[in-house]
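Next up, target.tsv (TSV, C-alpha atoms):
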chain	number	residue	atom	x	y	z
G	1	MET	CA	148.85	72.65	-152.59
G	2	LYS	CA	152.09	70.74	-152.09
G	3	VAL	CA	152.45	67.45	-154.00
G	4	ILE	CA	154.77	64.62	-152.92
G	5	LYS	CA	155.16	61.85	-155.51
G	6	THR	CA	156.24	58.42	-154.24
G	7	GLN	CA	157.26	55.22	-156.00
G	8	ASN	CA	154.77	52.98	-154.25
G	9	TYR	CA	152.18	52.61	-151.49
G	10	GLU	CA	154.75	51.66	-148.86
G	11	THR	CA	156.70	54.88	-149.40
G	12	LEU	CA	153.46	56.88	-149.44
G	13	SER	CA	152.53	55.41	-146.04
G	14	LYS	CA	155.93	56.24	-144.55
G	15	GLU	CA	155.83	59.83	-145.84
G	16	ALA	CA	152.33	60.33	-144.44
G	17	ALA	CA	153.30	58.90	-141.04
G	18	LYS	CA	156.33	61.21	-140.85
G	19	ILE	CA	154.06	64.26	-141.09
G	20	PHE	CA	151.76	62.96	-138.33
G	21	ILE	CA	154.72	62.03	-136.14
G	22	GLU	CA	156.24	65.50	-136.47
G	23	ILE	CA	152.97	67.12	-135.39
G	24	ILE	CA	152.58	64.83	-132.35
G	25	LYS	CA	156.19	65.45	-131.32
G	26	LYS	CA	155.65	69.22	-131.50
G	27	ASN	CA	152.32	69.05	-129.67
G	28	ASP	CA	151.59	66.01	-127.50
G	29	LYS	CA	147.96	67.23	-127.17
G	30	ALA	CA	147.42	67.37	-130.92
G	31	VAL	CA	143.91	66.87	-132.32
G	32	LEU	CA	144.11	64.37	-135.18
G	33	GLY	CA	141.51	63.98	-137.92
G	34	LEU	CA	141.45	60.36	-139.11
G	35	ALA	CA	139.95	58.44	-142.01
G	36	THR	CA	138.99	54.87	-142.83
G	37	GLY	CA	139.41	52.94	-146.06
G	38	SER	CA	142.38	50.96	-147.35
G	39	THR	CA	144.60	53.96	-148.15
G	40	PRO	CA	145.54	55.13	-144.62
G	41	VAL	CA	146.07	51.60	-143.23
G	42	GLY	CA	149.78	51.63	-144.08
G	43	MET	CA	150.19	54.98	-142.33
G	44	TYR	CA	148.44	53.59	-139.24
G	45	LYS	CA	150.89	50.66	-139.18
G	46	GLU	CA	153.75	53.15	-139.19
G	47	LEU	CA	152.17	55.09	-136.32
G	48	ILE	CA	151.79	51.87	-134.32
G	49	GLU	CA	155.51	51.19	-134.78
G	50	ALA	CA	156.31	54.76	-133.74
G	51	ASN	CA	154.25	54.26	-130.58
G	52	LYS	CA	156.15	51.05	-129.81
G	53	ASN	CA	159.35	53.06	-130.21
G	54	GLY	CA	158.29	55.73	-127.74
G	55	LEU	CA	155.90	58.14	-129.48
G	56	ASP	CA	153.29	58.99	-126.84
G	57	PHE	CA	149.58	59.07	-127.80
G	58	SER	CA	148.26	59.43	-124.25
G	59	LYS	CA	147.25	63.11	-124.63
G	60	VAL	CA	146.22	62.99	-128.29
G	61	THR	CA	142.56	63.47	-129.29
G	62	THR	CA	141.08	62.02	-132.48
G	63	PHE	CA	138.03	62.74	-134.63
G	64	ASN	CA	136.99	60.49	-137.49
G	65	LEU	CA	135.36	61.69	-140.68
G	66	ASP	CA	132.35	59.43	-140.98
G	67	GLU	CA	130.37	56.31	-140.11
G	68	TYR	CA	127.73	54.16	-141.76
G	69	ILE	CA	124.15	54.69	-140.59
G	70	GLY	CA	122.64	51.51	-139.19
G	71	LEU	CA	125.80	49.73	-138.03
G	72	SER	CA	126.63	49.35	-134.36
G	73	LYS	CA	130.21	50.07	-133.29
G	74	ASP	CA	130.88	46.35	-132.77
G	75	HIS	CA	129.79	45.43	-136.31
G	76	ASP	CA	132.90	44.24	-138.13
G	77	GLN	CA	132.26	46.65	-141.03
G	78	SER	CA	131.62	49.73	-138.90
G	79	TYR	CA	134.27	52.41	-139.04
G	80	ASP	CA	134.51	52.34	-135.26
G	81	TYR	CA	135.51	48.66	-135.46
G	82	PHE	CA	137.92	49.42	-138.33
G	83	MET	CA	139.71	52.17	-136.41
G	84	HIS	CA	140.11	50.09	-133.27
G	85	ASP	CA	141.32	47.11	-135.28
G	86	ASN	CA	143.82	49.11	-137.35
G	87	LEU	CA	145.03	51.71	-134.84
G	88	PHE	CA	143.36	52.40	-131.51
G	89	ASN	CA	143.80	48.92	-130.01
G	90	HIS	CA	147.54	49.12	-130.68
G	91	VAL	CA	148.54	52.55	-129.33
G	92	ASN	CA	148.27	54.15	-125.90
G	93	ILE	CA	145.42	56.53	-126.69
G	94	PRO	CA	142.72	56.72	-123.98
G	95	GLU	CA	139.28	55.61	-125.13
G	96	GLU	CA	137.75	58.87	-123.92
G	97	ASN	CA	139.96	60.79	-126.37
G	98	ILE	CA	138.57	58.88	-129.36
G	99	HIS	CA	135.62	60.36	-131.25
G	100	LEU	CA	133.66	58.84	-134.11
G	101	PRO	CA	130.19	59.73	-135.42
G	102	LYS	CA	127.43	57.57	-133.96
G	103	GLY	CA	125.94	55.34	-136.65
G	104	ASP	CA	123.21	53.52	-134.74
G	105	GLY	CA	121.47	56.31	-132.83
G	106	GLU	CA	117.71	56.81	-132.85
G	107	ASN	CA	118.05	60.37	-134.19
G	108	PRO	CA	120.92	60.57	-136.71
G	109	GLU	CA	120.33	64.24	-137.50
G	110	GLU	CA	120.66	65.14	-133.83
G	111	ASP	CA	123.76	62.95	-133.54
G	112	ALA	CA	125.28	64.85	-136.48
G	113	LYS	CA	124.72	68.18	-134.71
G	114	LYS	CA	126.25	66.86	-131.48
G	115	TYR	CA	129.31	65.59	-133.35
G	116	GLU	CA	129.80	68.94	-135.10
G	117	ASN	CA	129.60	70.71	-131.74
G	118	MET	CA	132.20	68.37	-130.21
G	119	LEU	CA	134.47	69.07	-133.17
G	120	LYS	CA	134.16	72.82	-132.62
G	121	GLU	CA	134.65	72.53	-128.86
G	122	SER	CA	137.90	70.62	-129.41
G	123	GLY	CA	139.59	73.80	-130.58
G	124	GLY	CA	140.08	72.49	-134.11
G	125	VAL	CA	141.84	69.60	-135.82
G	126	ASP	CA	145.60	70.08	-136.21
G	127	ILE	CA	145.91	67.68	-139.14
G	128	GLN	CA	143.21	65.87	-141.12
G	129	VAL	CA	144.10	62.87	-143.27
G	130	LEU	CA	141.86	62.16	-146.26
G	131	GLY	CA	141.54	59.43	-148.81
G	132	ILE	CA	139.66	59.94	-152.05
G	133	GLY	CA	136.92	57.96	-153.77
G	134	VAL	CA	137.09	56.96	-157.41
G	135	ASN	CA	134.40	59.61	-158.04
G	136	GLY	CA	136.37	62.31	-156.20
G	137	HIS	CA	134.45	62.17	-152.93
G	138	ILE	CA	136.15	62.95	-149.63
G	139	ALA	CA	134.67	61.51	-146.45
G	140	PHE	CA	131.12	60.83	-147.70
G	141	ASN	CA	130.77	64.18	-149.43
G	142	GLU	CA	129.58	62.78	-152.75
G	143	PRO	CA	129.63	64.62	-156.12
G	144	ALA	CA	126.65	66.98	-156.27
G	145	GLU	CA	125.57	70.45	-157.34
G	146	GLU	CA	125.65	71.50	-153.68
G	147	LEU	CA	127.74	70.29	-150.75
G	148	LYS	CA	126.89	70.55	-147.05
G	149	VAL	CA	129.04	72.65	-144.74
G	150	GLU	CA	128.69	70.81	-141.41
G	151	THR	CA	128.38	67.20	-140.23
G	152	ASN	CA	125.26	65.75	-141.83
G	153	ILE	CA	123.44	62.65	-143.07
G	154	VAL	CA	124.02	61.65	-146.71
G	155	ASN	CA	122.63	59.13	-149.17
G	156	LEU	CA	125.47	57.13	-150.68
G	157	THR	CA	125.80	57.05	-154.47
G	158	GLU	CA	125.57	53.82	-156.43
G	159	SER	CA	129.28	54.02	-157.29
G	160	THR	CA	130.23	54.30	-153.61
G	161	ILE	CA	127.93	51.42	-152.64
G	162	GLU	CA	129.43	49.30	-155.43
G	163	ALA	CA	132.98	50.20	-154.35
G	164	ASN	CA	132.24	49.23	-150.73
G	165	ALA	CA	130.36	46.03	-151.58
G	166	ARG	CA	133.63	44.05	-151.48
G	167	PHE	CA	133.66	44.46	-147.69
G	168	PHE	CA	130.17	42.95	-147.24
G	169	ASN	CA	128.55	39.61	-148.07
G	170	SER	CA	126.67	41.24	-150.94
G	171	GLU	CA	125.85	44.69	-152.32
G	172	LYS	CA	122.41	44.64	-150.69
G	173	ASP	CA	124.11	44.50	-147.27
G	174	VAL	CA	125.97	47.78	-147.83
G	175	PRO	CA	124.39	50.66	-145.86
G	176	THR	CA	122.81	53.31	-148.09
G	177	LYS	CA	123.29	56.24	-145.70
G	178	ALA	CA	126.17	57.62	-143.68
G	179	ILE	CA	126.93	60.39	-141.20
G	180	THR	CA	129.83	62.50	-142.40
G	181	MET	CA	131.75	65.66	-141.68
G	182	GLY	CA	130.77	68.34	-144.17
G	183	MET	CA	133.18	70.29	-146.34
G	184	GLY	CA	133.33	73.13	-143.84
G	185	SER	CA	134.05	70.68	-141.01
G	186	ILE	CA	136.95	69.25	-143.01
G	187	PHE	CA	138.23	72.67	-144.06
G	188	SER	CA	138.35	73.80	-140.43
G	189	ALA	CA	141.48	71.61	-139.99
G	190	LYS	CA	144.70	73.59	-139.80
G	191	LYS	CA	146.46	71.17	-142.16
G	192	ILE	CA	145.05	68.59	-144.60
G	193	LEU	CA	146.89	65.53	-145.88
G	194	LEU	CA	145.34	63.89	-148.97
G	195	LEU	CA	146.56	60.37	-149.77
G	196	ILE	CA	146.00	59.02	-153.30
G	197	SER	CA	147.03	55.46	-154.13
G	198	GLY	CA	146.31	53.05	-156.94
G	199	GLU	CA	145.54	53.13	-160.63
G	200	ASN	CA	141.77	53.27	-160.00
G	201	LYS	CA	142.22	56.74	-158.43
G	202	LYS	CA	144.11	58.13	-161.45
G	203	GLU	CA	141.11	59.85	-163.07
G	204	ALA	CA	140.23	61.70	-159.86
G	205	ALA	CA	143.90	62.55	-159.30
G	206	ASP	CA	144.18	63.92	-162.83
G	207	TYR	CA	141.28	66.27	-162.26
G	208	ILE	CA	142.67	67.55	-158.98
G	209	LEU	CA	146.29	67.92	-160.06
G	210	ARG	CA	146.14	68.60	-163.79
G	211	SER	CA	142.81	70.17	-164.82
G	212	GLY	CA	143.29	73.54	-163.15
G	213	LYS	CA	139.60	73.54	-162.21
G	214	ILE	CA	137.43	73.01	-159.15
G	215	LYS	CA	133.86	71.77	-159.08
G	216	THR	CA	131.47	70.28	-156.54
G	217	GLU	CA	131.09	67.26	-158.84
G	218	CYS	CA	134.65	66.42	-157.71
G	219	PRO	CA	134.56	67.41	-154.03
G	220	ALA	CA	138.29	66.78	-153.51
G	221	SER	CA	139.09	69.50	-156.06
G	222	LEU	CA	137.84	72.09	-153.55
G	223	LEU	CA	140.95	71.36	-151.48
G	224	HIS	CA	142.70	73.92	-153.72
G	225	LEU	CA	140.86	76.53	-151.62
G	226	HIS	CA	142.43	75.41	-148.33
G	227	PRO	CA	145.64	77.23	-147.30
G	228	ASP	CA	147.64	74.16	-146.20
G	229	VAL	CA	147.14	70.95	-148.19
G	230	THR	CA	149.76	68.29	-148.89
G	231	VAL	CA	148.97	65.57	-151.43
G	232	ILE	CA	150.98	62.34	-151.24
G	233	ILE	CA	150.43	60.24	-154.33
G	234	ASP	CA	152.01	57.02	-155.55
G	235	LYS	CA	153.21	56.29	-159.07
G	236	GLU	CA	150.17	54.17	-159.97
G	237	ALA	CA	147.78	57.02	-159.24
G	238	PHE	CA	149.95	59.78	-160.67
G	239	GLY	CA	150.92	58.07	-163.92
G	240	GLU	CA	153.88	58.99	-166.06
Represent the supplied structure as structure tokens.
Amino acid sequence: MKVIKTQNYETLSKEAAKIFIEIIKKNDKAVLGLATGSTPVGMYKELIEANKNGLDFSKVTTFNLDEYIGLSKDHDQSYDYFMHDNLFNHVNIPEENIHLPKGDGENPEEDAKKYENMLKESGGVDIQVLGIGVNGHIAFNEPAEELKVETNIVNLTESTIEANARFFNSEKDVPTKAITMGMGSIFSAKKILLLISGENKKEAADYILRSGKIKTECPASLLHLHPDVTVIIDKEAFGE
């Protein structure tokens, strides 16, 4: 696990974008694994600027980690809406190359299986970006005694619902279920980039970077088992 410490969020975003840009320049048909949440937004802004300056996204394919169950793609809090608003609408990536889990299907379990199959048929993700929850979750793989391997349906924990309530009118409006890549789905990526920003992520960061332990109660700690992980962390999250 390689760790890059940065002074602030802006520098973190630039460092993360550099890694993505290098991969796209080496392979214009790269398969990118993307994430939602506030942490990767700065990186997406950098990628939009790179596209304006000539970086071509026309042959790139993307797969997103997760989606709320019960929200249509045009709902302003769906992850599909988020990704289009923060990246896809601003770069020259064809719509048919964009893949996100389906959150409003009649059979979510079947949709999860179909998404996992599409992921496998893609030939594998070249680089997967991850954020981290305050409880150590990655995607919607929540702390538990057991973690699922493939894309599946999960019940969101109270802490995750509370953390996401700021994006909705009230906590009762936050979806309680999500469709998410499993740990095996995430680990199938050739390279993983974990972004950690903000003082509220310090406890999770401490466990991953300083405890010397792994446990399913902190899903992100399992990243120590992947052969190619880079962590980019800002000063607020890392501490002194």
My list of candidates is G:Asp126, G:Glu67, G:Glu121, G:Glu158. Which is closest to Gly105 in chain G when distances are computed with all atoms listed in the file?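 That would be G:Glu67, the residue with the smallest distance to Gly105 in chain G.
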Of the candidates G:Asn169, G:Phe57, G:Lys5, G:Leu130, which shows the shortest atom-to-atom distance to Asn89 in chain G, using only C-alpha atoms? G:Phe57
Selection near Thr62 in chain G, 9 Å with only C-alpha atoms, sequence-local residues under 5 positions removed, as a short mmCIF file (atom, residue, chain, number, x, y, z; two decimals) with C-alpha atoms, keeping the file's coordinate frame:
data_model
loop_
_atom_site.label_atom_id
_atom_site.label_comp_id
_atom_site.auth_asym_id
_atom_site.auth_seq_id
_atom_site.Cartn_x
_atom_site.Cartn_y
_atom_site.Cartn_z
CA ALA G 30 147.42 67.37 -130.92
CA VAL G 31 143.91 66.87 -132.32
CA LEU G 32 144.11 64.37 -135.18
CA GLY G 33 141.51 63.98 -137.92
CA LEU G 34 141.45 60.36 -139.11
CA ASN G 97 139.96 60.79 -126.37
CA ILE G 98 138.57 58.88 -129.36
CA HIS G 99 135.62 60.36 -131.25
CA LEU G 100 133.66 58.84 -134.11
CA VAL G 125 141.84 69.60 -135.82
#
At what distance in Å, to one decimal, does CA of Val174 in chain G lie from CA of Ser159 in chain G? 11.8 Å
Which neighbours of Val129 in chain G fall inside 6 Å, counting all atoms listed in the file, when residues of the same chain fewer than 4 positions from it are skipped, and could you give them as an mmCIF file with C-alpha atoms, in the frame of the given file?
data_model
loop_
_atom_site.group_PDB
_atom_site.id
_atom_site.type_symbol
_atom_site.label_atom_id
_atom_site.label_comp_id
_atom_site.auth_asym_id
_atom_site.auth_seq_id
_atom_site.Cartn_x
_atom_site.Cartn_y
_atom_site.Cartn_z
ATOM 1 C CA LEU G 34 141.450 60.360 -139.110
ATOM 2 C CA ILE G 192 145.050 68.590 -144.600
ATOM 3 C CA LEU G 193 146.890 65.530 -145.880
ATOM 4 C CA LEU G 194 145.340 63.890 -148.970
#
Nearest to Thr11 in chain G: which of G:Ser72, G:Asn86, G:Ser78, G:Gly42 is it, counting all atoms listed in the file?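 Among the listed residues, the smallest separation from Thr11 in chain G belongs to G:Gly42.
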List as an MDAnalysis selection string the protein and nucleic acid residues near Glu142 in chain G, meaning an atom at most 12 Å away when all atoms listed in the file are counted, but skip any in the same chain fewer than 3 places from it. chainID G and resid 132:139 145:148 153:161 177:178 180:183 215:220
What does the distance between CA of Phe82 in chain G and CA of Gly37 in chain G come to in Å, to one decimal place?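 Going from CA of Phe82 in chain G over to CA of Gly37 in chain G, I get 8.6 Å.
Taking CA of Glu49 in chain G as the reference point, CA of Lys26 in chain G is found at 18.3 Å.
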Would you list the contacts of Gly212 in chain G as a PyMOL selection string, taking every protein, DNA or RNA residue within 10 Å and counting all atoms listed in the file, but skipping same-chain residues closer than 4 positions in sequence? chain G and resi 206-208+221+224
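Here the question is which of G:Asp56, G:Gln77, G:Phe140, G:Glu199 gets nearest to Arg166 in chain G using all atoms listed in the file, and that residue is G:Gln77.
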Determine, counting all atoms listed in the file, every residue of protein, DNA or RNA that lies within 12 Å of (142.0, 54.0, -156.8) in the file coordinates, then give the result as a ChimeraX atom specification. /G:9,37-39,131-137,163,195-206,233-238
